[in-house]
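For reference, entry_18.txt is printed below; it contains compact mmCIF, C-alpha atoms.
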```
# COMPACT_ATOMS: atom_id res chain seq x y z
CA MET A 1 -31.83 21.82 23.88
CA GLU A 2 -28.38 20.56 24.48
CA GLY A 3 -26.91 19.58 27.76
CA LEU A 4 -30.02 17.96 29.28
CA LEU A 5 -28.48 14.61 30.13
CA LYS A 6 -29.63 12.46 27.24
CA GLY A 7 -28.54 9.38 29.16
CA LEU A 8 -31.61 9.67 31.36
CA MET A 9 -33.83 9.02 28.36
CA ASP A 10 -32.31 5.59 27.82
CA VAL A 11 -32.74 4.67 31.45
CA VAL A 12 -36.38 5.64 31.49
CA LEU A 13 -37.25 3.77 28.33
CA GLY A 14 -35.63 0.69 29.75
CA ASN A 15 -36.99 0.84 33.29
CA GLN A 16 -40.49 2.27 33.26
CA ASP A 17 -43.26 -0.07 34.21
CA ASP A 18 -46.77 0.04 35.55
CA ASN A 19 -45.50 0.03 39.11
CA ASN A 20 -43.99 3.48 38.61
CA SER A 21 -47.25 5.27 37.97
CA SER A 22 -48.43 7.81 40.51
CA PRO A 23 -51.37 6.97 42.77
CA GLN A 24 -54.77 7.98 41.51
CA SER A 25 -57.36 9.85 43.52
CA GLU A 26 -60.94 10.62 42.60
CA GLN A 27 -61.05 13.83 44.63
CA ARG A 28 -58.71 16.53 45.85
CA LEU A 29 -57.03 15.73 49.14
CA PRO A 30 -57.20 18.37 51.89
CA ARG A 31 -54.37 20.90 51.84
CA SER A 32 -52.32 22.33 54.65
CA THR A 33 -52.89 25.92 55.67
CA TRP A 34 -49.25 26.78 56.26
CA ALA A 35 -49.33 30.51 55.58
CA GLN A 36 -47.16 32.99 57.41
CA VAL A 37 -44.80 35.82 56.62
CA VAL A 38 -41.20 34.66 56.87
CA SER A 39 -38.10 36.68 57.37
CA GLY A 40 -35.86 37.70 54.53
CA GLU A 41 -38.17 37.52 51.51
CA ASP A 42 -39.39 41.13 51.62
CA HIS A 43 -36.10 42.23 50.23
CA GLU A 44 -36.32 41.01 47.09
CA GLU A 45 -58.74 23.09 46.72
CA GLN A 46 -61.46 25.17 46.55
CA SER A 47 -64.03 24.09 43.94
CA ARG A 48 -62.94 24.71 40.39
CA PRO A 49 -65.06 25.50 37.33
CA THR A 50 -66.49 22.41 35.71
CA PHE A 51 -65.32 23.20 32.20
CA GLU A 52 -62.97 20.71 30.59
CA HIS A 53 -59.23 21.02 30.13
CA PRO A 54 -58.15 22.44 26.79
CA THR A 55 -57.21 19.62 24.45
CA TRP A 56 -53.94 19.52 22.56
CA ASN A 57 -52.97 18.26 19.18
CA ARG A 58 -52.54 14.50 19.35
CA LYS A 59 -50.54 14.41 16.15
CA GLU A 60 -47.95 16.74 17.64
CA GLU A 61 -47.89 14.73 20.88
CA GLY A 62 -47.13 11.59 18.96
CA GLN A 63 -44.08 13.13 17.33
CA GLY A 64 -42.21 13.37 20.63
CA SER A 65 -40.91 9.82 20.74
CA ASN A 66 -39.24 10.23 17.37
CA ASP A 67 -37.30 13.41 17.93
CA GLY A 68 -36.06 12.70 21.44
CA SER A 69 -38.18 15.47 22.90
CA GLU A 70 -40.66 13.67 25.12
CA ILE A 71 -40.88 14.77 28.72
CA PHE A 72 -40.91 12.04 31.33
CA GLY A 73 -41.56 11.80 35.04
CA ARG A 74 -42.03 8.77 37.25
CA ARG A 75 -42.16 7.54 40.81
CA PRO A 76 -38.54 6.99 41.83
CA GLN A 77 -37.29 3.43 42.04
CA ARG A 78 -35.84 2.91 45.51
CA GLN A 79 -32.89 0.81 44.46
CA THR A 80 -29.39 1.27 45.72
CA SER A 81 -27.62 -0.58 42.94
CA HIS A 82 -27.84 2.27 40.45
CA THR A 83 -24.62 4.09 39.74
CA ALA A 84 -23.92 7.52 38.32
CA GLU A 85 -23.73 5.94 34.87
CA ASP A 86 -27.17 4.39 35.36
CA THR A 87 -28.87 7.73 36.00
CA GLY A 88 -26.83 9.94 33.72
CA SER A 89 -26.04 12.18 36.69
CA ASN A 90 -23.53 12.14 39.52
CA ASP A 91 -24.60 11.19 43.02
CA ILE A 92 -24.14 13.96 45.55
CA CYS A 93 -22.60 12.86 48.84
CA GLU A 94 -22.96 15.38 51.64
CA THR A 95 -22.84 15.59 55.42
CA ILE A 96 -26.03 16.32 57.36
CA GLY A 97 -25.87 16.49 61.14
CA GLY A 98 -22.49 14.80 61.16
CA GLN A 99 -23.64 11.83 59.09
CA SER A 100 -23.02 11.15 55.44
CA HIS A 101 -26.09 10.84 53.26
CA ARG A 102 -26.39 9.82 49.64
CA ARG A 103 -28.58 12.09 47.58
CA LYS A 104 -29.58 10.88 44.17
CA PRO A 105 -31.76 12.66 41.61
CA ASP A 106 -34.18 9.75 41.52
CA ARG A 107 -36.49 11.09 38.88
CA VAL A 108 -36.12 11.87 35.22
CA TYR A 109 -37.11 14.95 33.34
CA TYR A 110 -37.70 16.16 29.84
CA GLY A 111 -35.00 15.46 27.29
CA GLY A 112 -35.66 18.49 25.12
CA HIS A 113 -38.55 20.34 23.55
CA ARG A 114 -40.20 19.25 20.36
CA THR A 115 -38.47 20.29 17.14
CA SER A 116 -41.83 21.58 15.89
CA TYR A 117 -41.50 24.46 18.37
CA THR A 118 -38.59 25.90 16.42
CA ILE A 119 -40.56 26.71 13.27
CA PRO A 120 -42.27 30.12 12.85
CA PRO A 121 -45.11 30.46 15.39
CA SER A 122 -47.70 31.01 12.65
CA GLU A 123 -46.91 27.56 11.25
CA GLN A 124 -47.21 25.70 14.56
CA GLU A 125 -50.20 23.82 15.90
CA TYR A 126 -51.78 24.84 19.18
CA SER A 127 -54.42 23.70 21.63
CA GLU A 128 -58.06 24.44 21.06
CA GLU A 129 -59.10 27.75 22.57
CA VAL A 130 -61.17 27.83 25.73
CA TYR A 131 -64.53 29.53 25.21
CA HIS A 132 -66.43 30.07 28.42
CA SER A 133 -67.45 33.71 28.29
CA SER A 134 -69.35 33.60 31.58
CA MET A 135 -66.31 32.23 33.41
CA VAL A 136 -63.64 34.52 31.95
CA GLU A 137 -65.72 37.70 32.22
CA PRO A 138 -64.74 39.56 35.42
CA SER A 139 -67.56 40.53 37.74
CA LYS A 140 -68.07 44.00 39.18
CA GLU A 141 -66.81 42.77 42.55
CA GLU A 142 -63.65 41.35 40.99
CA LEU A 143 -62.98 44.58 39.12
CA GLU A 144 -63.26 46.48 42.39
CA ASP A 145 -61.23 44.03 44.49
CA LEU A 146 -57.91 42.68 43.23
CA ALA A 147 -57.93 39.92 45.86
CA LYS A 148 -61.17 38.54 44.44
CA ALA A 149 -59.80 38.73 40.91
CA CYS A 150 -56.71 36.74 41.92
CA ASP A 151 -58.84 34.12 43.66
CA LYS A 152 -60.89 33.85 40.46
CA LEU A 153 -57.67 33.12 38.56
CA TRP A 154 -56.96 30.32 41.04
CA LYS A 155 -60.37 28.82 40.34
CA LEU A 156 -59.85 29.13 36.59
CA ASP A 157 -56.58 27.18 36.73
CA SER A 158 -57.96 23.85 35.53
CA ASN A 159 -54.41 22.89 34.54
CA ARG A 160 -53.13 23.00 38.13
CA LEU A 161 -51.67 19.75 39.45
CA ILE A 162 -53.12 17.75 42.33
CA PRO A 163 -50.75 16.75 45.18
CA GLY A 164 -50.58 12.98 45.60
CA LYS A 165 -52.04 12.35 42.17
CA ASP A 166 -49.77 14.32 39.83
CA TYR A 167 -46.70 14.73 42.02
CA GLU A 168 -45.32 14.29 45.51
CA ILE A 169 -42.96 16.46 47.53
CA ASP A 170 -41.00 15.77 50.71
CA CYS A 171 -40.51 19.00 52.66
CA GLY A 172 -37.94 17.51 55.04
CA GLU A 173 -37.25 19.48 58.20
CA GLY A 174 -37.50 23.19 58.90
CA LYS A 175 -34.89 25.80 59.71
CA LYS A 176 -34.40 29.51 60.30
CA SER A 177 -33.29 31.49 57.27
CA TYR A 178 -29.88 32.23 58.84
CA GLN A 179 -29.10 28.57 59.53
CA LYS A 180 -26.72 27.01 57.01
CA GLN A 181 -26.99 23.29 57.70
CA ASP A 182 -28.92 21.13 55.24
CA MET A 183 -32.13 19.94 56.88
CA ALA A 184 -33.36 17.83 53.96
CA GLN A 185 -31.80 14.43 53.41
CA GLY A 186 -33.50 13.99 50.06
CA CYS A 187 -34.87 16.00 47.16
CA LEU A 188 -37.95 18.18 47.40
CA PHE A 189 -39.71 16.37 44.55
CA SER A 190 -40.17 12.64 45.09
CA TRP A 191 -41.90 12.03 41.77
CA LEU A 192 -43.86 13.70 39.01
CA SER A 193 -46.40 12.08 36.70
CA GLU A 194 -44.93 11.36 33.29
CA ASP A 195 -47.73 13.05 31.35
CA ILE A 196 -47.40 16.51 32.93
CA PHE A 197 -44.82 17.86 30.52
CA ARG A 198 -46.79 16.61 27.55
CA ARG A 199 -49.38 19.26 28.36
CA PRO A 200 -48.89 22.08 25.86
CA THR A 201 -48.34 25.04 28.17
CA TYR A 202 -45.97 23.04 30.40
CA SER A 203 -44.05 21.71 27.43
CA ARG A 204 -43.67 25.12 25.81
CA PHE A 205 -42.69 26.65 29.16
CA CYS A 206 -39.87 24.10 29.45
CA SER A 207 -38.62 25.01 25.98
CA LEU A 208 -37.76 28.46 27.34
CA LEU A 209 -35.76 27.44 30.39
CA ASP A 210 -32.41 26.84 28.67
CA ASN A 211 -32.43 30.15 26.78
CA TYR A 212 -30.59 32.15 29.46
CA ASN A 213 -27.17 32.64 31.02
CA PRO A 214 -27.66 32.36 34.79
CA ASN A 215 -24.98 34.94 35.61
CA GLU A 216 -26.57 38.32 36.32
CA GLY A 217 -24.92 41.05 34.29
CA CYS A 218 -24.05 38.75 31.39
CA LYS A 219 -25.50 40.13 28.15
CA GLU A 220 -28.08 37.76 26.68
CA VAL A 221 -27.99 36.75 23.02
CA VAL A 222 -31.49 35.95 21.77
CA THR A 223 -31.61 33.78 18.67
CA GLN A 224 -34.39 33.67 16.11
CA GLN A 225 -35.38 30.23 17.41
CA GLU A 226 -35.69 31.59 20.95
CA ARG A 227 -37.88 34.46 19.74
CA GLN A 228 -40.11 31.93 18.05
CA GLU A 229 -40.32 29.89 21.26
CA GLN A 230 -41.33 33.03 23.17
CA ALA A 231 -44.07 33.96 20.70
CA ALA A 232 -45.35 30.37 20.55
CA PHE A 233 -45.51 30.16 24.35
CA VAL A 234 -47.53 33.37 24.54
CA GLU A 235 -49.85 32.09 21.81
CA GLU A 236 -50.36 28.80 23.67
CA ILE A 237 -51.17 30.31 27.05
CA SER A 238 -53.40 32.92 25.41
CA ARG A 239 -55.83 30.11 24.55
CA THR A 240 -56.39 29.27 28.25
CA ALA A 241 -58.97 30.59 30.69
CA PRO A 242 -56.58 32.43 33.08
CA ILE A 243 -55.05 34.50 30.27
CA LYS A 244 -58.43 35.23 28.68
CA TYR A 245 -59.68 36.42 32.07
CA LEU A 246 -56.56 38.59 32.46
CA TYR A 247 -57.21 40.18 29.06
CA LYS A 248 -60.88 40.94 29.80
CA TYR A 249 -59.94 42.29 33.23
CA LEU A 250 -57.33 44.70 31.83
CA VAL A 251 -59.69 45.84 29.08
CA SER A 252 -62.56 46.38 31.54
CA LYS A 253 -60.24 48.43 33.76
CA ARG A 254 -59.13 50.39 30.66
CA ILE A 255 -55.53 49.50 31.32
CA ILE A 256 -55.10 48.18 27.77
CA SER A 257 -57.05 48.67 24.56
CA ASP A 258 -59.41 46.10 23.07
CA GLY A 259 -57.35 43.94 20.70
CA TYR A 260 -56.25 40.40 21.49
CA ASP A 261 -53.33 40.30 19.05
CA GLU A 262 -52.02 43.56 20.49
CA PHE A 263 -52.49 42.11 23.97
CA LYS A 264 -50.41 39.05 23.11
CA GLU A 265 -47.60 41.19 21.72
CA MET A 266 -47.70 43.32 24.87
CA MET A 267 -47.38 40.16 26.97
CA ARG A 268 -44.41 39.00 24.96
CA ARG A 269 -42.65 42.33 25.39
CA LEU A 270 -43.50 42.58 29.09
CA TRP A 271 -42.06 39.18 29.97
CA PHE A 272 -39.30 38.65 27.41
CA ASP A 273 -37.86 42.01 26.33
CA LEU A 274 -34.37 42.47 27.75
CA TYR A 275 -33.27 45.27 30.05
CA ASP A 276 -30.31 46.27 32.22
CA ARG A 277 -29.64 44.35 35.44
CA GLY A 278 -26.28 44.12 37.15
CA GLY A 279 -24.83 47.02 35.15
CA THR A 280 -25.09 45.42 31.71
CA SER A 281 -27.68 46.34 29.09
CA GLY A 282 -29.72 43.47 27.64
CA SER A 283 -28.71 41.15 30.48
CA SER A 284 -32.06 40.28 32.03
CA SER A 285 -35.80 39.98 31.51
CA ALA A 286 -38.83 39.51 33.71
CA PHE A 287 -39.19 35.88 32.63
CA GLU A 288 -35.54 35.06 33.25
CA HIS A 289 -35.48 36.61 36.70
CA VAL A 290 -38.84 35.41 38.06
CA PHE A 291 -39.06 31.93 36.56
CA VAL A 292 -35.50 30.87 35.66
CA GLY A 293 -33.36 32.68 38.21
CA GLU A 294 -30.09 34.59 38.16
CA ILE A 295 -26.87 34.58 40.16
CA LYS A 296 -25.59 37.93 41.37
CA GLN A 297 -21.89 38.33 40.64
CA ARG A 298 -21.11 41.57 42.47
CA GLY A 299 -19.82 41.00 46.00
CA GLU A 300 -20.79 37.67 47.53
CA GLN A 301 -22.63 35.47 45.06
CA GLU A 302 -26.31 34.86 45.73
CA VAL A 303 -29.30 33.52 43.85
CA SER A 304 -31.82 36.12 42.76
CA GLY A 305 -35.35 35.42 41.52
CA PHE A 306 -36.01 31.72 40.78
CA HIS A 307 -39.59 31.44 42.05
CA ASN A 308 -40.93 28.70 39.80
CA TRP A 309 -41.54 25.08 40.79
CA ILE A 310 -41.05 23.68 37.27
CA GLN A 311 -37.58 25.19 36.98
CA PHE A 312 -36.84 23.88 40.47
CA TYR A 313 -37.93 20.36 39.47
CA VAL A 314 -35.85 20.39 36.29
CA GLU A 315 -32.72 21.76 37.95
CA GLU A 316 -33.07 19.38 40.90
CA ALA A 317 -33.34 16.45 38.50
CA LYS A 318 -30.14 17.62 36.79
CA GLY A 319 -28.34 17.76 40.13
CA LYS A 320 -27.92 21.55 40.01
CA VAL A 321 -30.32 22.29 42.88
CA ASP A 322 -29.73 21.09 46.44
CA TYR A 323 -32.91 21.48 48.51
CA GLN A 324 -32.01 22.28 52.13
CA GLY A 325 -35.34 22.47 53.92
CA PHE A 326 -38.32 24.74 54.48
CA ILE A 327 -38.14 28.01 56.41
CA PHE A 328 -39.99 28.17 59.71
CA PRO A 329 -42.66 30.87 59.87
CA ARG A 330 -42.22 33.69 62.37
CA ARG A 331 -45.01 32.40 64.56
CA HIS A 332 -46.07 28.83 65.25
CA VAL A 333 -48.52 27.59 62.62
CA GLN A 334 -48.89 24.30 60.83
CA ILE A 335 -45.70 23.33 59.03
CA PRO A 336 -45.79 22.45 55.32
CA ASP A 337 -46.35 18.89 54.16
CA SER A 338 -46.79 16.99 50.91
CA GLU A 339 -50.15 18.70 50.27
CA THR A 340 -48.91 22.28 50.64
CA GLN A 341 -48.87 24.33 47.43
CA LEU A 342 -47.21 27.47 48.80
CA LEU A 343 -43.68 26.87 50.07
CA THR A 344 -40.94 29.02 51.57
CA ILE A 345 -37.65 27.17 51.32
CA GLN A 346 -33.86 27.36 51.23
CA PHE A 347 -31.71 25.81 48.53
CA GLU A 348 -28.45 26.00 46.63
CA TRP A 349 -28.39 26.44 42.87
CA ASN A 350 -25.13 25.78 41.06
CA GLY A 351 -23.46 25.84 44.46
CA VAL A 352 -24.83 29.29 45.34
CA LEU A 353 -27.22 29.70 48.28
CA LYS A 354 -30.71 31.20 48.15
CA THR A 355 -31.42 31.88 51.81
CA VAL A 356 -35.18 32.38 51.43
CA SER A 357 -37.29 31.64 48.39
CA SER A 358 -41.02 31.27 48.01
CA SER A 359 -42.93 29.53 45.23
CA LEU A 360 -46.34 28.22 44.37
CA VAL A 361 -46.14 24.47 43.68
CA GLY A 362 -48.14 22.63 41.04
CA VAL A 363 -49.75 25.71 39.50
CA SER A 364 -49.78 26.03 35.71
CA PRO A 365 -47.53 28.41 33.74
CA GLU A 366 -50.57 30.29 32.45
CA PHE A 367 -51.84 30.87 35.99
CA GLU A 368 -48.56 32.31 37.25
CA ILE A 369 -48.18 34.57 34.22
CA ALA A 370 -51.76 35.81 34.63
CA LEU A 371 -51.43 36.28 38.41
CA TYR A 372 -48.20 38.26 38.26
CA THR A 373 -49.33 40.34 35.27
CA ILE A 374 -52.61 41.37 36.89
CA CYS A 375 -50.78 42.39 40.06
CA TYR A 376 -48.24 44.35 38.01
CA PHE A 377 -50.88 46.36 36.16
CA ALA A 378 -53.68 46.65 38.74
CA GLY A 379 -51.82 46.35 42.03
CA GLU A 380 -49.09 47.92 44.13
CA GLU A 381 -45.77 46.73 45.54
CA ASP A 382 -47.71 44.77 48.18
CA ASN A 383 -50.80 42.92 46.98
CA TYR A 384 -52.62 41.02 49.73
CA VAL A 385 -54.76 38.44 47.96
CA GLN A 386 -56.38 35.08 48.51
CA LEU A 387 -55.42 32.07 46.37
CA GLY A 388 -57.76 29.25 47.30
CA PRO A 389 -56.85 28.37 50.93
CA TYR A 390 -53.75 30.58 50.94
CA PRO A 391 -53.61 34.22 52.04
CA VAL A 392 -50.66 35.62 50.10
CA ASN A 393 -48.83 38.87 49.54
CA ILE A 394 -47.77 39.11 45.90
CA LYS A 395 -44.68 41.30 46.05
CA CYS A 396 -44.21 43.24 42.82
CA TYR A 397 -41.15 45.35 42.06
CA ARG A 398 -40.53 47.50 39.02
CA CYS A 399 -37.15 47.86 37.36
CA ARG A 400 -35.84 50.33 34.80
CA GLY A 401 -39.12 52.14 34.38
CA ASP A 402 -42.00 49.96 33.24
CA ASN A 403 -40.28 46.57 33.50
CA ILE A 404 -41.11 43.81 35.95
CA GLY A 405 -38.07 43.69 38.22
CA SER A 406 -39.35 40.83 40.39
CA VAL A 407 -42.64 39.37 41.47
CA PHE A 408 -43.20 36.50 43.88
CA PRO A 409 -45.59 35.20 46.56
CA VAL A 410 -45.03 35.65 50.29
CA ALA A 411 -47.16 33.54 52.67
CA GLN A 412 -49.32 35.49 55.13
CA SER A 413 -50.76 34.50 58.52
```
Structure translated into structure tokens:
Amino acid sequence: MEGLLKGLMDVVLGNQDDNNSSPQSEQRLPRSTWAQVVSGEDHEEQSRPTFEHPTWNRKEEGQGSNDGSEIFGRRPQRQTSHTAEDTGSNDICETIGGQSHRRKPDRVYYGGHRTSYTIPPSEQEYSEEVYHSSMVEPSKEELEDLAKACDKLWKLDSNRLIPGKDYEIDCGEGKKSYQKQDMAQGCLFSWLSEDIFRRPTYSRFCSLLDNYNPNEGCKEVVTQQERQEQAAFVEEISRTAPIKYLYKYLVSKRIISDGYDEFKEMMRRLWFDLYDRGGTSGSSSAFEHVFVGEIKQRGEQEVSGFHNWIQFYVEEAKGKVDYQGFIFPRRHVQIPDSETQLLTIQFEWNGVLKTVSSSLVGVSPEFEIALYTICYFAGEEDNYVQLGPYPVNIKCYRCRGDNIGSVFPVAQS
């Protein structure tokens, strides 16, 4: 993965110390209940199961330091002596409220995916599969109520991050969607624990992010290596509880036939097969639009899609995302804070504004894939569900027949 600022790797290896580790917490901190419909988007912890996290291959993990592919995150060092050369990225000087502020991507991010991901998927090593039949078998109530099924997926997401322990965000100040001034003096992400992107599903997810041209309407060229990354990602997430639950749910509802290999191939096609968007065939896919983002080129440029927190973190660390504040809800409710895991925000990506964008923060890739897929197959355009403490409308749009055009969460009151 070229172009990911290799200079940051040298800085991290030379500056990490024990003081940069994230704070530890023995229990989940209480979350905010900021949940409200916001204007503009419609156009486009409870207790968890006690089963253990899937383990990943330690041999593969150990290879990362040799091939330059490890993924790092750390608490930012609040030093003003660093220059652009120190960080491997340019500082961004901007004016907020008439005053000049210095914004610096004060975290580091992955330097590339492991070279072992580029070999044929059948030759790769994966995590151990999760076997908890009682947990991944949908109940009668869940089969009859999509909201309960989605909440079950939330509970099954043992790979979800914990605010304050695994990462920290700074929401800054709020604004109306039509306001253009930047209300955030710093970045959204203050720090991210360095071990997060060593987790298999996170690491494989990141290997997919540089496979796309951000310009909507530009025909994508998919290489053999990229196809192998897609298949390997699907294989990895298919070993987790949320995806196993999704499979059993769809089989029980007779939406798909009983065959796990066929299910995995269906998932690969659903999320990665290319279709026409912006007037060009083979220019987009569900994964690119929802998780990576695109920039509309017809008329005034605008960001489309881009509803994933991992992509936001990576692009913000590279200096390509400028976070500009959260969007006020329509009615007065509690504003978001560092504990909130459902955000509605405004930002610029590659200099192009996204007026309103909503994302779940800290959730795992397998959870989001499972959530959006179950809503696509079993739901409607509006899917009012409950995700832990958050009442949410999962908006689901179809494109070009049976393709996922867009899917994203909208906070509800």
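Pairwise distance (atom CA of Phe197 of chain A, atom CA of Trp349 of chain A) equals 22.3 Å.
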Skip Ser122 of chain A itself and residues of its chain fewer than 4 positions away, then list as a ChimeraX atom specification all residues within 10 Å of it, counting only C-alpha atoms.
/A:126,228,231-232,235
Please, which residues in segment 99-207 of chain A fall within 6 Å of segment 241-261 of chain A when counting all atoms listed in the file, and what is the closest atom pair and distance in Å to one decimal for each, ordered by chain then residue number, as a tab-separated table?
```
residue	atom	partner	partner_atom	distance
A:Val136	CA	A:Tyr245	CA	4.4
A:Pro138	CA	A:Tyr249	CA	5.9
A:Leu153	CA	A:Pro242	CA	5.6
A:Leu156	CA	A:Pro242	CA	5.8
```
Please write the residues from the selection above to a file, keeping C-alpha atoms, as an mmCIF file, keeping the file's coordinate frame.
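Output file part-v4.cif follows:
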```cif
data_model
loop_
_atom_site.group_PDB
_atom_site.id
_atom_site.type_symbol
_atom_site.label_atom_id
_atom_site.label_comp_id
_atom_site.auth_asym_id
_atom_site.auth_seq_id
_atom_site.Cartn_x
_atom_site.Cartn_y
_atom_site.Cartn_z
ATOM 1 C CA VAL A 136 -63.640 34.520 31.950
ATOM 2 C CA PRO A 138 -64.740 39.560 35.420
ATOM 3 C CA LEU A 153 -57.670 33.120 38.560
ATOM 4 C CA LEU A 156 -59.850 29.130 36.590
#
```
Leu360 of chain A: which residues within 12 Å, counting all atoms listed in the file, same-chain residues fewer than 4 positions away excluded, as a PyMOL selection string?
chain A and resi 35+154+160-161+291+306-312+339-345+364-365+367-368+371-372+387-388+390+392+394+408-411
Please dump the current selection as a PDB file, in the frame of the given file; keep C-alpha atoms.
```pdb
ATOM      1  CA  ALA A  35     -49.330  30.510  55.580  1.00  0.00           C
ATOM      2  CA  TRP A 154     -56.960  30.320  41.040  1.00  0.00           C
ATOM      3  CA  ARG A 160     -53.130  23.000  38.130  1.00  0.00           C
ATOM      4  CA  LEU A 161     -51.670  19.750  39.450  1.00  0.00           C
ATOM      5  CA  PHE A 291     -39.060  31.930  36.560  1.00  0.00           C
ATOM      6  CA  PHE A 306     -36.010  31.720  40.780  1.00  0.00           C
ATOM      7  CA  HIS A 307     -39.590  31.440  42.050  1.00  0.00           C
ATOM      8  CA  ASN A 308     -40.930  28.700  39.800  1.00  0.00           C
ATOM      9  CA  TRP A 309     -41.540  25.080  40.790  1.00  0.00           C
ATOM     10  CA  ILE A 310     -41.050  23.680  37.270  1.00  0.00           C
ATOM     11  CA  GLN A 311     -37.580  25.190  36.980  1.00  0.00           C
ATOM     12  CA  PHE A 312     -36.840  23.880  40.470  1.00  0.00           C
ATOM     13  CA  GLU A 339     -50.150  18.700  50.270  1.00  0.00           C
ATOM     14  CA  THR A 340     -48.910  22.280  50.640  1.00  0.00           C
ATOM     15  CA  GLN A 341     -48.870  24.330  47.430  1.00  0.00           C
ATOM     16  CA  LEU A 342     -47.210  27.470  48.800  1.00  0.00           C
ATOM     17  CA  LEU A 343     -43.680  26.870  50.070  1.00  0.00           C
ATOM     18  CA  THR A 344     -40.940  29.020  51.570  1.00  0.00           C
ATOM     19  CA  ILE A 345     -37.650  27.170  51.320  1.00  0.00           C
ATOM     20  CA  SER A 364     -49.780  26.030  35.710  1.00  0.00           C
ATOM     21  CA  PRO A 365     -47.530  28.410  33.740  1.00  0.00           C
ATOM     22  CA  PHE A 367     -51.840  30.870  35.990  1.00  0.00           C
ATOM     23  CA  GLU A 368     -48.560  32.310  37.250  1.00  0.00           C
ATOM     24  CA  LEU A 371     -51.430  36.280  38.410  1.00  0.00           C
ATOM     25  CA  TYR A 372     -48.200  38.260  38.260  1.00  0.00           C
ATOM     26  CA  LEU A 387     -55.420  32.070  46.370  1.00  0.00           C
ATOM     27  CA  GLY A 388     -57.760  29.250  47.300  1.00  0.00           C
ATOM     28  CA  TYR A 390     -53.750  30.580  50.940  1.00  0.00           C
ATOM     29  CA  VAL A 392     -50.660  35.620  50.100  1.00  0.00           C
ATOM     30  CA  ILE A 394     -47.770  39.110  45.900  1.00  0.00           C
ATOM     31  CA  PHE A 408     -43.200  36.500  43.880  1.00  0.00           C
ATOM     32  CA  PRO A 409     -45.590  35.200  46.560  1.00  0.00           C
ATOM     33  CA  VAL A 410     -45.030  35.650  50.290  1.00  0.00           C
ATOM     34  CA  ALA A 411     -47.160  33.540  52.670  1.00  0.00           C
TER      35      ALA A 411
END
```
Straight-line distance linking atom CA of Cys396 of chain A with atom CA of Glu381 of chain A, stated in Å to one decimal:
4.7 Å
Please measure the separation of atom CA of Glu348 of chain A and atom CA of Pro214 of chain A, giving the value in Å to one decimal.
13.5 Å
Spatial neighbours of Thr373 of chain A, max dist 9 Å, only C-alpha atoms, sep filter under 6 positions, as a list in words:
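Listed by chain and then number, they are Leu246, Met267, Leu270 and Ile404 of chain A.
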Just want the 6 Å neighbourhood of Met183 of chain A, counted on only C-alpha atoms, with same-chain residues fewer than 6 positions away dropped. Output as a PyMOL selection string.
chain A and resi 173+324-325
Segment 219-228 of chain A: axis-aligned bounding box, 5 Å on each side, centre and edge lengths in Å, one decimal, as lines of an AutoDock Vina configuration file:
```
center_x = -32.8
center_y = 35.2
center_z = 22.1
size_x = 24.6
size_y = 19.9
size_z = 22.0
```
If we count all atoms listed in the file and set the cut-off at 12 Å, which residues sit around Phe233 of chain A, ignoring sequence neighbours fewer than 6 positions away in its own chain? Please answer as a compact mmCIF listing (two decimals) with C-alpha atoms, in the frame of the given file.
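What ended up in part29.txt:
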```txt
# COMPACT_ATOMS: atom_id res chain seq x y z
CA TYR A 117 -41.50 24.46 18.37
CA THR A 118 -38.59 25.90 16.42
CA PRO A 120 -42.27 30.12 12.85
CA PRO A 121 -45.11 30.46 15.39
CA SER A 122 -47.70 31.01 12.65
CA GLN A 124 -47.21 25.70 14.56
CA GLU A 125 -50.20 23.82 15.90
CA TYR A 126 -51.78 24.84 19.18
CA SER A 127 -54.42 23.70 21.63
CA PRO A 200 -48.89 22.08 25.86
CA THR A 201 -48.34 25.04 28.17
CA TYR A 202 -45.97 23.04 30.40
CA SER A 203 -44.05 21.71 27.43
CA ARG A 204 -43.67 25.12 25.81
CA PHE A 205 -42.69 26.65 29.16
CA CYS A 206 -39.87 24.10 29.45
CA SER A 207 -38.62 25.01 25.98
CA LEU A 208 -37.76 28.46 27.34
CA LEU A 209 -35.76 27.44 30.39
CA GLU A 226 -35.69 31.59 20.95
CA ARG A 227 -37.88 34.46 19.74
CA ARG A 239 -55.83 30.11 24.55
CA THR A 240 -56.39 29.27 28.25
CA LYS A 264 -50.41 39.05 23.11
CA GLU A 265 -47.60 41.19 21.72
CA MET A 267 -47.38 40.16 26.97
CA ARG A 268 -44.41 39.00 24.96
CA TRP A 271 -42.06 39.18 29.97
CA PHE A 272 -39.30 38.65 27.41
CA PHE A 287 -39.19 35.88 32.63
CA PRO A 365 -47.53 28.41 33.74
CA GLU A 366 -50.57 30.29 32.45
CA ILE A 369 -48.18 34.57 34.22
```
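The shortest atom-to-atom distance to Gly401 of chain A, with only C-alpha atoms taken into account, belongs to A:Asp276 out of A:Gln346, A:Glu142, A:Cys375, A:Asp276.
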Nearest to Ser359 of chain A among A:Asn403, A:Pro329, A:Gln301, A:Val290, with distances taken over all atoms listed in the file: which residue is it?
A:Val290
